[in-house]
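This is final-v3.txt (compact mmCIF, C-alpha atoms).
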# COMPACT_ATOMS: atom_id res chain seq x y z
CA MET A 286 53.83 79.93 75.39
CA GLN A 287 56.17 82.77 76.07
CA ARG A 288 57.39 81.56 79.46
CA CYS A 289 57.58 77.91 78.47
CA ALA A 290 61.32 78.13 77.94
CA GLY A 291 61.78 78.34 81.71
CA ILE A 292 59.66 75.29 82.35
CA GLY A 293 60.51 71.66 82.09
CA THR A 294 62.53 69.08 83.90
CA SER A 295 64.52 71.76 85.75
CA TRP A 296 61.36 72.68 87.70
CA ALA A 297 60.66 69.04 88.47
CA ASP A 298 64.24 68.48 89.58
CA ARG A 299 64.28 71.57 91.80
CA LEU A 300 60.93 70.81 93.39
CA ALA A 301 61.31 67.01 93.61
CA ILE A 302 57.83 66.60 92.15
CA VAL A 303 56.37 63.66 90.30
CA ILE A 304 53.18 64.03 88.26
CA GLU A 305 51.09 60.90 87.95
CA PRO A 306 47.51 59.82 87.27
CA LEU A 307 45.11 60.16 90.20
CA GLY A 308 44.74 56.86 92.02
CA LYS A 309 42.79 55.42 94.94
CA HIS A 310 45.91 55.61 97.10
CA HIS A 311 46.09 59.42 96.84
CA ASP A 312 44.81 61.15 99.98
CA ARG A 313 43.03 64.30 98.81
CA ALA A 314 41.48 65.30 102.14
CA GLY A 315 44.22 67.76 103.13
CA PHE A 316 44.54 69.47 99.77
CA THR A 317 43.48 73.10 99.64
CA CYS A 318 44.11 75.62 96.88
CA GLY A 319 42.01 78.41 98.37
CA GLN A 320 39.17 77.99 95.86
CA ALA A 321 36.33 76.09 97.54
CA GLU A 322 34.84 74.99 94.21
CA LEU A 323 38.12 73.43 93.03
CA ASP A 324 38.85 71.84 96.40
CA ASP A 325 35.36 70.31 96.52
CA TRP A 326 35.59 68.94 92.99
CA PHE A 327 39.02 67.43 93.64
CA ARG A 328 38.05 65.83 96.95
CA HIS A 329 34.61 64.54 96.01
CA ARG A 330 34.10 64.33 92.25
CA ALA A 331 37.45 63.90 90.49
CA SER A 332 37.39 60.11 90.85
CA GLN A 333 33.79 59.98 89.62
CA ASP A 334 34.71 61.99 86.54
CA GLU A 335 37.59 59.56 85.93
CA ARG A 336 35.32 56.50 86.17
CA ARG A 337 32.74 58.08 83.86
CA ASN A 338 35.41 58.97 81.26
CA LEU A 339 34.65 62.67 81.62
CA ALA A 340 38.16 63.69 82.65
CA ARG A 341 41.63 62.36 83.28
CA VAL A 342 43.10 63.74 86.47
CA PHE A 343 46.80 64.06 87.21
CA VAL A 344 48.34 64.93 90.58
CA ALA A 345 51.65 66.50 91.53
CA ILE A 346 53.37 64.81 94.45
CA ASP A 347 56.23 66.56 96.24
CA THR A 348 58.59 64.31 98.20
CA VAL A 349 58.31 66.59 101.26
CA LEU A 350 54.89 68.26 101.09
CA GLY A 351 52.91 65.41 99.54
CA MET A 352 50.16 66.33 97.09
CA VAL A 353 50.76 69.88 95.86
CA GLY A 354 48.60 70.16 92.77
CA PHE A 355 46.36 68.63 90.15
CA TYR A 356 44.87 69.20 86.74
CA SER A 357 42.24 67.53 84.60
CA LEU A 358 42.16 66.88 80.86
CA SER A 359 39.15 66.27 78.62
CA SER A 360 38.31 66.38 74.97
CA PHE A 361 36.43 69.46 73.82
CA THR A 362 34.95 70.95 70.67
CA LEU A 363 34.82 74.52 69.47
CA ALA A 364 32.46 76.23 67.08
CA LEU A 365 33.98 78.48 64.45
CA THR A 366 31.96 81.34 65.90
CA ASP A 367 33.84 80.92 69.20
CA LEU A 368 37.19 81.70 67.59
CA PRO A 369 38.56 85.13 66.71
CA ASP A 370 37.92 86.06 63.08
CA ASP A 371 41.62 85.99 62.14
CA ILE A 372 41.74 82.28 63.04
CA ALA A 373 38.23 81.21 62.03
CA ARG A 374 38.54 82.50 58.46
CA ARG A 375 41.51 80.16 57.83
CA LEU A 376 39.55 77.04 58.83
CA PRO A 377 37.07 74.90 56.93
CA ARG A 378 33.42 75.47 57.83
CA TYR A 379 33.08 72.39 60.05
CA ASP A 380 30.44 72.23 62.77
CA ALA A 381 33.00 71.29 65.40
CA ILE A 382 36.71 72.00 65.74
CA PRO A 383 38.62 69.51 67.94
CA ALA A 384 40.26 70.81 71.09
CA ALA A 385 41.54 69.67 74.47
CA LEU A 386 40.37 71.16 77.75
CA ILE A 387 42.54 71.67 80.80
CA GLY A 388 39.38 71.77 82.87
CA ARG A 389 40.78 72.32 86.33
CA LEU A 390 44.27 73.19 87.45
CA ALA A 391 45.19 74.04 91.03
CA ARG A 392 48.17 74.03 93.34
CA ASP A 393 48.06 73.64 97.10
CA GLU A 394 48.47 76.84 99.13
CA ARG A 395 51.51 75.27 100.84
CA ALA A 396 53.31 75.32 97.49
CA ARG A 397 52.52 78.93 96.57
CA GLY A 398 55.40 80.64 94.78
CA ARG A 399 57.29 77.42 94.06
CA GLY A 400 56.42 77.10 90.37
CA VAL A 401 53.92 74.27 90.80
CA GLY A 402 51.27 75.95 88.63
CA GLU A 403 53.76 76.38 85.80
CA LEU A 404 54.91 72.78 86.16
CA LEU A 405 51.31 71.50 86.07
CA LEU A 406 50.49 73.58 82.99
CA ALA A 407 53.65 72.45 81.18
CA ASP A 408 52.90 68.80 81.96
CA ALA A 409 49.29 69.15 80.78
CA ILE A 410 50.41 70.76 77.52
CA ARG A 411 53.02 68.06 76.91
CA ARG A 412 50.41 65.34 77.45
CA ILE A 413 48.01 67.06 75.06
CA LEU A 414 50.73 67.39 72.44
CA GLY A 415 51.49 63.69 72.86
CA ALA A 416 47.83 62.82 72.33
CA ALA A 417 47.72 65.18 69.34
CA LYS A 418 50.05 62.82 67.49
CA THR A 419 47.18 60.31 67.21
CA LEU A 420 44.08 62.45 67.78
CA ALA A 421 43.52 65.83 66.12
CA VAL A 422 43.65 68.74 68.58
CA PHE A 423 43.46 72.22 67.08
CA ALA A 424 43.60 74.19 70.33
CA ILE A 425 44.12 73.87 74.07
CA ILE A 426 41.37 75.45 76.15
CA VAL A 427 41.38 76.67 79.77
CA ASP A 428 38.74 78.30 81.95
CA ALA A 429 40.12 81.02 84.22
CA LYS A 430 38.35 81.31 87.58
CA ASN A 431 39.35 84.97 87.99
CA THR A 432 41.49 87.73 86.49
CA GLN A 433 44.61 86.46 88.29
CA ALA A 434 44.17 83.02 86.70
CA ALA A 435 43.52 84.63 83.30
CA ALA A 436 46.76 86.62 83.62
CA PHE A 437 48.62 83.41 84.53
CA TYR A 438 47.44 81.70 81.33
CA GLU A 439 47.97 84.78 79.18
CA GLY A 440 51.59 84.78 80.34
CA PHE A 441 51.97 81.49 78.48
CA GLY A 442 50.42 82.78 75.27
CA PHE A 443 46.78 81.84 75.86
CA ARG A 444 44.29 84.28 74.32
CA PRO A 445 40.77 84.98 75.55
CA PHE A 446 37.82 84.07 73.34
CA PRO A 447 36.11 87.20 72.03
CA LEU A 448 32.69 86.39 73.52
CA HIS A 449 33.94 84.55 76.65
CA PRO A 450 36.98 86.35 78.10
CA SER A 451 37.32 83.94 81.03
CA ARG A 452 37.79 81.06 78.57
CA LEU A 453 41.18 81.16 76.87
CA PHE A 454 42.88 79.17 74.13
CA LEU A 455 46.31 78.35 72.80
CA LEU A 456 46.70 76.89 69.34
CA THR A 457 48.30 73.48 69.48
CA SER A 458 50.69 74.53 66.73
CA SER A 459 51.91 77.42 68.93
CA ALA A 460 52.33 75.11 71.92
CA ALA A 461 54.27 72.58 69.85
CA ALA A 462 56.57 75.25 68.48
CA ALA A 463 57.26 76.56 72.00
CA VAL A 464 58.02 73.08 73.35
CA GLU A 465 60.40 72.41 70.46
CA ARG A 466 62.41 75.50 71.48
CA ILE A 467 62.97 74.11 74.97
Transcribe the structure of this file into structure tokens.
Amino acid sequence: MQRCAGIGTSWADRLAIVIEPLGKHHDRAGFTCGQAELDDWFRHRASQDERRNLARVFVAIDTVLGMVGFYSLSSFTLALTDLPDDIARRLPRYDAIPAALIGRLARDERARGRGVGELLLADAIRRILGAAKTLAVFAIIVDAKNTQAAAFYEGFGFRPFPLHPSRLFLLTSSAAAAVERI
């Protein structure tokens, strides 16, 4: 997480943003990130995924702009064959390696350039690291919708999977070390 040192409460203070679990009181109708697929999921299926225990959804609320972003978290498993050889060879030959998935992360177009994406990612990683104290999580996984999104994640130390370059990972140990430096 190379840029993590610039992320934390200072972003939240500057932006006056609170991140909280998605609730029935949150009006999602006006949210738009510019990606129809993400907007549709957030407006119509995020609550269903919550109720079905498929994802936990968190929203960023700005005191002036209202809802400016969201992300989802889910458990995930990796196969050793998914990982780069330099990492896979150091692991036991288990069928499944535990991971956490930041399944969807988006910021509203009104908040472009204000650091909301970085704030959302930092919050998601901190929550995963908190969960990793009681539930094993070897890596944090993200799915990049395009090359711009992939570059965003790579800027925080995420690496693409060899066979799936739009899916990226960050070892939990690397994330924890970066957060400790903050």
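Counting only C-alpha atoms and comparing A:Phe343, A:Phe443, A:Phe355, A:Phe327, the residue that lies closest to Arg392 (chain A) is A:Phe355.
Among the candidate residues A:Arg389, A:Arg378, A:Arg313, A:Arg466, the one lying nearest to Met352 (chain A) is A:Arg313, with distances computed using all atoms listed in the file.
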Pro306 (chain A) surroundings by all atoms listed in the file, 8 Å radius, close-in-sequence under 5 positions cut, as a compact mmCIF listing (two decimals) with C-alpha atoms, in the coordinates of the input:
# COMPACT_ATOMS: atom_id res chain seq x y z
CA ARG A 341 41.63 62.36 83.28
CA VAL A 342 43.10 63.74 86.47
CA PHE A 343 46.80 64.06 87.21
CA VAL A 344 48.34 64.93 90.58
Enter the distance from CA of Cys318 (chain A) to CA of Ala391 (chain A), in Å, rounded to one decimal. 6.2 Å
Close residues, region 360-375 of chain A itself excluded, 6 Å, only C-alpha atoms, min 5 positions apart in chain, as a PyMOL selection string: chain A and resi 381-386
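In terms of minimum interatomic distance to Ala340 (chain A), A:Gly388 ranks closest within A:Gly415, A:Gly440, A:Gly402, A:Gly388, counting all atoms listed in the file.
Reported to one decimal place, the separation of CA of Leu358 (chain A) from CA of Gln320 (chain A) is 18.9 Å.
Between CA of Ser451 (chain A) and CA of Leu390 (chain A) there is a distance of 14.3 Å.
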Need the neighbours of (55.8, 62.8, 100.8): which residues are at most 12 Å away, counting all atoms listed in the file, as number ranges by chain? A: 301-303, 311-312, 345-353
Neighbouring residues of region 412-414 of chain A were defined as those with any atom within 9 Å, considering only C-alpha atoms; residues of the same chain fewer than 3 positions away were excluded. Please report them as JSON, numbers by chain. {"A": [358, 385, 407, 408, 409, 417, 418, 422, 425, 457, 460, 461]}
Add whatever atoms are absent from region 371-404 of chain A to reach N, CA and C atoms, and provide the output as a tab-separated table (two decimals), in the frame of the given file.
chain	number	residue	atom	x	y	z
A	371	ASP	N	40.36	86.23	62.84
A	371	ASP	CA	41.62	85.99	62.14
A	371	ASP	C	41.97	84.51	62.09
A	372	ILE	N	41.49	83.73	63.03
A	372	ILE	CA	41.74	82.28	63.04
A	372	ILE	C	40.62	81.55	62.32
A	373	ALA	N	39.38	81.91	62.60
A	373	ALA	CA	38.23	81.21	62.03
A	373	ALA	C	38.22	81.27	60.51
A	374	ARG	N	38.62	82.37	59.93
A	374	ARG	CA	38.54	82.50	58.46
A	374	ARG	C	39.53	81.58	57.75
A	375	ARG	N	40.53	81.06	58.45
A	375	ARG	CA	41.51	80.16	57.83
A	375	ARG	C	41.10	78.69	57.93
A	376	LEU	N	39.98	78.42	58.60
A	376	LEU	CA	39.55	77.04	58.83
A	376	LEU	C	38.38	76.65	57.94
A	377	PRO	N	38.25	75.35	57.67
A	377	PRO	CA	37.07	74.90	56.93
A	377	PRO	C	35.81	75.11	57.78
A	378	ARG	N	34.69	75.18	57.16
A	378	ARG	CA	33.42	75.47	57.83
A	378	ARG	C	32.81	74.22	58.48
A	379	TYR	N	33.57	73.56	59.34
A	379	TYR	CA	33.08	72.39	60.05
A	379	TYR	C	32.21	72.82	61.23
A	380	ASP	N	31.31	71.94	61.62
A	380	ASP	CA	30.44	72.23	62.77
A	380	ASP	C	31.21	72.23	64.08
A	381	ALA	N	32.23	71.40	64.15
A	381	ALA	CA	33.00	71.29	65.40
A	381	ALA	C	34.49	71.23	65.09
A	382	ILE	N	35.25	71.98	65.85
A	382	ILE	CA	36.71	72.00	65.74
A	382	ILE	C	37.26	71.29	66.97
A	383	PRO	N	38.13	70.28	66.79
A	383	PRO	CA	38.62	69.51	67.94
A	383	PRO	C	39.58	70.31	68.82
A	384	ALA	N	39.41	70.11	70.12
A	384	ALA	CA	40.26	70.81	71.09
A	384	ALA	C	40.45	69.91	72.31
A	385	ALA	N	41.33	70.33	73.18
A	385	ALA	CA	41.54	69.67	74.47
A	385	ALA	C	41.30	70.71	75.56
A	386	LEU	N	40.71	70.27	76.64
A	386	LEU	CA	40.37	71.16	77.75
A	386	LEU	C	41.20	70.81	78.98
A	387	ILE	N	41.95	71.79	79.47
A	387	ILE	CA	42.54	71.67	80.80
A	387	ILE	C	41.46	72.24	81.70
A	388	GLY	N	40.60	71.34	82.20
A	388	GLY	CA	39.38	71.77	82.87
A	388	GLY	C	39.60	72.38	84.23
A	389	ARG	N	40.49	71.82	84.98
A	389	ARG	CA	40.78	72.32	86.33
A	389	ARG	C	42.26	72.18	86.56
A	390	LEU	N	42.85	73.21	87.11
A	390	LEU	CA	44.27	73.19	87.45
A	390	LEU	C	44.41	73.98	88.73
A	391	ALA	N	45.03	73.36	89.74
A	391	ALA	CA	45.19	74.04	91.03
A	391	ALA	C	46.43	73.54	91.73
A	392	ARG	N	47.04	74.43	92.51
A	392	ARG	CA	48.17	74.03	93.34
A	392	ARG	C	47.81	74.33	94.80
A	393	ASP	N	48.33	73.51	95.67
A	393	ASP	CA	48.06	73.64	97.10
A	393	ASP	C	48.66	74.95	97.61
A	394	GLU	N	47.98	75.57	98.55
A	394	GLU	CA	48.47	76.84	99.13
A	394	GLU	C	49.85	76.69	99.75
A	395	ARG	N	50.19	75.49	100.23
A	395	ARG	CA	51.51	75.27	100.84
A	395	ARG	C	52.63	75.41	99.81
A	396	ALA	N	52.30	75.27	98.54
A	396	ALA	CA	53.31	75.32	97.49
A	396	ALA	C	53.28	76.64	96.71
A	397	ARG	N	52.61	77.62	97.25
A	397	ARG	CA	52.52	78.93	96.57
A	397	ARG	C	53.93	79.49	96.32
A	398	GLY	N	54.13	80.01	95.12
A	398	GLY	CA	55.40	80.64	94.78
A	398	GLY	C	56.52	79.69	94.45
A	399	ARG	N	56.23	78.40	94.33
A	399	ARG	CA	57.29	77.42	94.06
A	399	ARG	C	57.28	76.91	92.63
A	400	GLY	N	56.44	77.50	91.77
A	400	GLY	CA	56.42	77.10	90.37
A	400	GLY	C	55.56	75.89	90.07
A	401	VAL	N	54.74	75.46	91.01
A	401	VAL	CA	53.92	74.27	90.80
A	401	VAL	C	52.88	74.49	89.71
A	402	GLY	N	52.25	75.66	89.68
A	402	GLY	CA	51.27	75.95	88.63
A	402	GLY	C	51.88	75.86	87.25
A	403	GLU	N	53.06	76.43	87.08
A	403	GLU	CA	53.76	76.38	85.80
A	403	GLU	C	54.11	74.95	85.43
A	404	LEU	N	54.56	74.18	86.40
A	404	LEU	CA	54.91	72.78	86.16
A	404	LEU	C	53.68	71.98	85.74
